[in-house]
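K.L.:
I'd like to ask you about the structure that follows.
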Amino acid sequence: MFMADIAGVRVLYTGDYSRKEDCHLCAAEIPQFSLYFNSEKMAKTIRRLAEKTLEVGESVSGLLVKKAFTCQIMALDDLHVFSQLSTENISQRITIAYNGAFGVLKHRLKQIFESVESLPDEESEGPAFRVHERLTVKYESEKHISLHWRSDPISDMVSDSVIISILLILILITSYC
């Protein structure tokens, strides 16, 4: 559909690609209209974030949710109230076959990572240590160790690097035997 100016008469051409005769409407039959758009966006704070009155220039931290052309800022804890989404903490555990000395593993990881601290035996049911206060490495048996951590981007990155380090130590142990 497009507007054409033919011999001083404005015509709206509505061409379809069928075999029907084309339809032309004179400009007098086309109603005049204008569209105005407001480009200003506004987001409302809701639930816990709305409890406190903000001063001009004060910032707010939350989750921005756009729904049906409206924007709302809410606390992460309020997400389950307004959607079917939920937030959970995930604890991860991996058991690795490791037949080397546990002390050697701790020594090697101390060489790689800044913070490797021993845990008391009462807390961990056997020899264990913590890497970067995020990941716990436990001695399970003569042939197994386990890694435990709460999942978040940094802890996952630390656990990945510890797992790779353990696997490299295993390769070194088996290559010398």
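Residue names in the structure tokens use chain letters A, B, ... in the order shown, residue numbers from 1 in each chain, and ligand numbers from 1 in the order shown.
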For the structure I just gave you, how does DSSP split region 17-158 of chain A - specifically, which residues are alpha helix (DSSP H)? Reply as a ChimeraX atom specification.
P.N.:
/A:79-82,102-112,121-124,153-158
K.L.:
With N, CA and C atoms retained, write the just-selected residues as a PDB file, in the first residue's frame.
P.N.:
```pdb
ATOM      1  N   LEU A  79      11.142 -11.819  43.075  1.00  0.00           N
ATOM      2  CA  LEU A  79      10.921 -12.342  41.725  1.00  0.00           C
ATOM      3  C   LEU A  79       9.872 -13.446  41.696  1.00  0.00           C
ATOM      4  N   HIS A  80       9.878 -14.321  42.686  1.00  0.00           N
ATOM      5  CA  HIS A  80       8.934 -15.439  42.690  1.00  0.00           C
ATOM      6  C   HIS A  80       7.488 -14.980  42.848  1.00  0.00           C
ATOM      7  N   VAL A  81       7.254 -13.786  43.392  1.00  0.00           N
ATOM      8  CA  VAL A  81       5.905 -13.267  43.575  1.00  0.00           C
ATOM      9  C   VAL A  81       5.296 -12.867  42.226  1.00  0.00           C
ATOM     10  N   PHE A  82       6.099 -12.321  41.326  1.00  0.00           N
ATOM     11  CA  PHE A  82       5.599 -11.777  40.071  1.00  0.00           C
ATOM     12  C   PHE A  82       5.804 -12.694  38.866  1.00  0.00           C
ATOM     13  N   PHE A 102      47.520 -37.149  49.678  1.00  0.00           N
ATOM     14  CA  PHE A 102      46.671 -35.968  49.874  1.00  0.00           C
ATOM     15  C   PHE A 102      47.516 -34.742  50.196  1.00  0.00           C
ATOM     16  N   GLY A 103      48.608 -34.933  50.934  1.00  0.00           N
ATOM     17  CA  GLY A 103      49.511 -33.826  51.259  1.00  0.00           C
ATOM     18  C   GLY A 103      50.185 -33.246  50.031  1.00  0.00           C
ATOM     19  N   VAL A 104      50.516 -34.112  49.072  1.00  0.00           N
ATOM     20  CA  VAL A 104      51.127 -33.642  47.822  1.00  0.00           C
ATOM     21  C   VAL A 104      50.132 -32.776  47.050  1.00  0.00           C
ATOM     22  N   LEU A 105      48.870 -33.219  47.018  1.00  0.00           N
ATOM     23  CA  LEU A 105      47.824 -32.444  46.330  1.00  0.00           C
ATOM     24  C   LEU A 105      47.688 -31.056  46.967  1.00  0.00           C
ATOM     25  N   LYS A 106      47.640 -31.015  48.283  1.00  0.00           N
ATOM     26  CA  LYS A 106      47.509 -29.733  48.980  1.00  0.00           C
ATOM     27  C   LYS A 106      48.719 -28.844  48.690  1.00  0.00           C
ATOM     28  N   HIS A 107      49.924 -29.435  48.721  1.00  0.00           N
ATOM     29  CA  HIS A 107      51.144 -28.668  48.444  1.00  0.00           C
ATOM     30  C   HIS A 107      51.124 -28.090  47.023  1.00  0.00           C
ATOM     31  N   ARG A 108      50.737 -28.898  46.051  1.00  0.00           N
ATOM     32  CA  ARG A 108      50.685 -28.423  44.652  1.00  0.00           C
ATOM     33  C   ARG A 108      49.651 -27.317  44.484  1.00  0.00           C
ATOM     34  N   LEU A 109      48.497 -27.470  45.116  1.00  0.00           N
ATOM     35  CA  LEU A 109      47.464 -26.435  44.997  1.00  0.00           C
ATOM     36  C   LEU A 109      47.878 -25.148  45.707  1.00  0.00           C
ATOM     37  N   LYS A 110      48.667 -25.257  46.778  1.00  0.00           N
ATOM     38  CA  LYS A 110      49.196 -24.049  47.442  1.00  0.00           C
ATOM     39  C   LYS A 110      50.138 -23.296  46.518  1.00  0.00           C
ATOM     40  N   GLN A 111      50.856 -24.025  45.665  1.00  0.00           N
ATOM     41  CA  GLN A 111      51.766 -23.383  44.721  1.00  0.00           C
ATOM     42  C   GLN A 111      50.996 -22.628  43.645  1.00  0.00           C
ATOM     43  N   ILE A 112      49.786 -23.074  43.340  1.00  0.00           N
ATOM     44  CA  ILE A 112      48.998 -22.478  42.262  1.00  0.00           C
ATOM     45  C   ILE A 112      48.076 -21.376  42.780  1.00  0.00           C
ATOM     46  N   ASP A 121      39.459 -31.261  61.664  1.00  0.00           N
ATOM     47  CA  ASP A 121      38.870 -32.580  61.417  1.00  0.00           C
ATOM     48  C   ASP A 121      37.429 -32.675  61.895  1.00  0.00           C
ATOM     49  N   GLU A 122      37.053 -31.917  62.948  1.00  0.00           N
ATOM     50  CA  GLU A 122      35.674 -31.979  63.443  1.00  0.00           C
ATOM     51  C   GLU A 122      34.695 -31.453  62.399  1.00  0.00           C
ATOM     52  N   GLU A 123      35.113 -30.467  61.646  1.00  0.00           N
ATOM     53  CA  GLU A 123      34.234 -29.833  60.660  1.00  0.00           C
ATOM     54  C   GLU A 123      34.094 -30.671  59.392  1.00  0.00           C
ATOM     55  N   SER A 124      35.110 -31.460  59.041  1.00  0.00           N
ATOM     56  CA  SER A 124      35.115 -32.089  57.729  1.00  0.00           C
ATOM     57  C   SER A 124      35.155 -33.613  57.724  1.00  0.00           C
ATOM     58  N   PRO A 153      29.336 -17.944  39.655  1.00  0.00           N
ATOM     59  CA  PRO A 153      30.358 -17.852  38.609  1.00  0.00           C
ATOM     60  C   PRO A 153      31.802 -17.958  39.106  1.00  0.00           C
ATOM     61  N   ILE A 154      32.114 -17.322  40.225  1.00  0.00           N
ATOM     62  CA  ILE A 154      33.498 -17.351  40.705  1.00  0.00           C
ATOM     63  C   ILE A 154      33.846 -18.719  41.279  1.00  0.00           C
ATOM     64  N   SER A 155      32.947 -19.290  42.083  1.00  0.00           N
ATOM     65  CA  SER A 155      33.206 -20.620  42.647  1.00  0.00           C
ATOM     66  C   SER A 155      33.317 -21.668  41.549  1.00  0.00           C
ATOM     67  N   ASP A 156      32.501 -21.555  40.516  1.00  0.00           N
ATOM     68  CA  ASP A 156      32.587 -22.496  39.398  1.00  0.00           C
ATOM     69  C   ASP A 156      33.935 -22.369  38.684  1.00  0.00           C
ATOM     70  N   MET A 157      34.417 -21.137  38.548  1.00  0.00           N
ATOM     71  CA  MET A 157      35.712 -20.920  37.906  1.00  0.00           C
ATOM     72  C   MET A 157      36.844 -21.511  38.758  1.00  0.00           C
ATOM     73  N   VAL A 158      36.780 -21.302  40.083  1.00  0.00           N
ATOM     74  CA  VAL A 158      37.791 -21.865  40.981  1.00  0.00           C
ATOM     75  C   VAL A 158      37.745 -23.385  40.927  1.00  0.00           C
TER      76      VAL A 158
END
```
K.L.:
Please provide the set of residues having any atom within 8 Å of Glu117 (chain A), restricted to only C-alpha atoms, with same-chain residues fewer than 4 positions apart removed, written as a PyMOL selection string.
P.N.:
chain A and resi 129-131
K.L.:
Write to file, as a PDB file, in the first residue's frame, the residues of the selection just made, with N, CA, C and O atoms.
P.N.:
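Okay, again01.pdb is ready:
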```pdb
ATOM      1  N   PHE A 129      40.741 -29.425  53.035  1.00  0.00           N
ATOM      2  CA  PHE A 129      41.202 -28.039  52.977  1.00  0.00           C
ATOM      3  C   PHE A 129      40.284 -27.240  52.079  1.00  0.00           C
ATOM      4  O   PHE A 129      39.506 -27.786  51.308  1.00  0.00           O
ATOM      5  N   ARG A 130      40.364 -25.914  52.251  1.00  0.00           N
ATOM      6  CA  ARG A 130      39.492 -25.003  51.507  1.00  0.00           C
ATOM      7  C   ARG A 130      40.352 -24.133  50.606  1.00  0.00           C
ATOM      8  O   ARG A 130      41.381 -23.621  51.028  1.00  0.00           O
ATOM      9  N   VAL A 131      39.910 -23.985  49.350  1.00  0.00           N
ATOM     10  CA  VAL A 131      40.619 -23.164  48.365  1.00  0.00           C
ATOM     11  C   VAL A 131      39.819 -21.882  48.151  1.00  0.00           C
ATOM     12  O   VAL A 131      38.632 -21.944  47.809  1.00  0.00           O
TER      13      VAL A 131
END
```
K.L.:
Could you please determine the separation between CA of Ile73 (chain A) and CA of Ala43 (chain A) in Å, to one decimal place?
P.N.:
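These two atoms are separated by 6.4 Å.
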K.L.:
Could you give me, as number ranges by chain, the residues within 7 Å of Val137 (chain A), counting only C-alpha atoms and dropping anything in the same chain fewer than 5 positions from it?
P.N.:
A: 128-130, 145-148
K.L.:
Export, as a compact mmCIF listing (two decimals), in the first residue's frame, the selected residues with all heavy atoms.
P.N.:
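Saved to part_26.txt:
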```
# COMPACT_ATOMS: atom_id res chain seq x y z
N ALA A 128 40.87 -32.36 55.11
CA ALA A 128 40.23 -31.50 54.11
C ALA A 128 40.89 -30.14 54.13
O ALA A 128 41.52 -29.75 55.11
CB ALA A 128 38.74 -31.37 54.38
N PHE A 129 40.74 -29.43 53.04
CA PHE A 129 41.20 -28.04 52.98
C PHE A 129 40.28 -27.24 52.08
O PHE A 129 39.51 -27.79 51.31
CB PHE A 129 42.67 -27.94 52.53
CG PHE A 129 42.98 -28.56 51.21
CD1 PHE A 129 42.85 -27.84 50.03
CD2 PHE A 129 43.41 -29.88 51.13
CE1 PHE A 129 43.14 -28.41 48.82
CE2 PHE A 129 43.71 -30.46 49.92
CZ PHE A 129 43.57 -29.72 48.75
N ARG A 130 40.36 -25.91 52.25
CA ARG A 130 39.49 -25.00 51.51
C ARG A 130 40.35 -24.13 50.61
O ARG A 130 41.38 -23.62 51.03
CB ARG A 130 38.70 -24.14 52.48
CG ARG A 130 37.64 -23.30 51.82
CD ARG A 130 36.80 -22.56 52.82
NE ARG A 130 35.82 -23.34 53.52
CZ ARG A 130 34.67 -23.75 52.99
NH1 ARG A 130 34.38 -23.48 51.75
NH2 ARG A 130 33.81 -24.43 53.70
N ILE A 145 38.95 -38.46 46.11
CA ILE A 145 38.79 -37.18 46.79
C ILE A 145 37.49 -36.56 46.28
O ILE A 145 37.00 -36.92 45.19
CB ILE A 145 39.97 -36.22 46.55
CG1 ILE A 145 40.15 -35.94 45.06
CG2 ILE A 145 41.23 -36.74 47.18
CD1 ILE A 145 41.16 -34.85 44.77
N SER A 146 36.91 -35.67 47.05
CA SER A 146 35.69 -35.00 46.59
C SER A 146 35.85 -33.49 46.74
O SER A 146 36.55 -33.01 47.63
CB SER A 146 34.47 -35.49 47.38
OG SER A 146 34.59 -35.16 48.73
N LEU A 147 35.20 -32.78 45.86
CA LEU A 147 35.19 -31.32 45.87
C LEU A 147 33.76 -30.87 46.10
O LEU A 147 32.83 -31.42 45.48
CB LEU A 147 35.69 -30.77 44.53
CG LEU A 147 37.19 -30.73 44.27
CD1 LEU A 147 37.79 -32.10 44.21
CD2 LEU A 147 37.49 -29.97 43.02
N HIS A 148 33.58 -29.89 46.97
CA HIS A 148 32.25 -29.36 47.30
C HIS A 148 32.29 -27.84 47.19
O HIS A 148 33.23 -27.22 47.67
CB HIS A 148 31.87 -29.73 48.75
CG HIS A 148 31.95 -31.19 49.05
ND1 HIS A 148 30.86 -31.99 49.04
CD2 HIS A 148 33.01 -31.98 49.36
CE1 HIS A 148 31.22 -33.23 49.34
NE2 HIS A 148 32.53 -33.25 49.54
```
K.L.:
Which residues are close to Met42 (chain A), i.e. within 9 Å by only C-alpha atoms, leaving aside same-chain residues fewer than 5 positions away? Reply as a list in words.
P.N.:
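Returned residues: Thr70, Cys71 and Gln72 of chain A.
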K.L.:
Please identify the strand (DSSP E or B) residues within region 18-158 of chain A (assignment by DSSP from backbone atoms) and present them as number ranges by chain.
P.N.:
A: 23-26, 43-45, 63-67, 70-74, 91-97, 116-118, 128-131, 135-141, 144-150
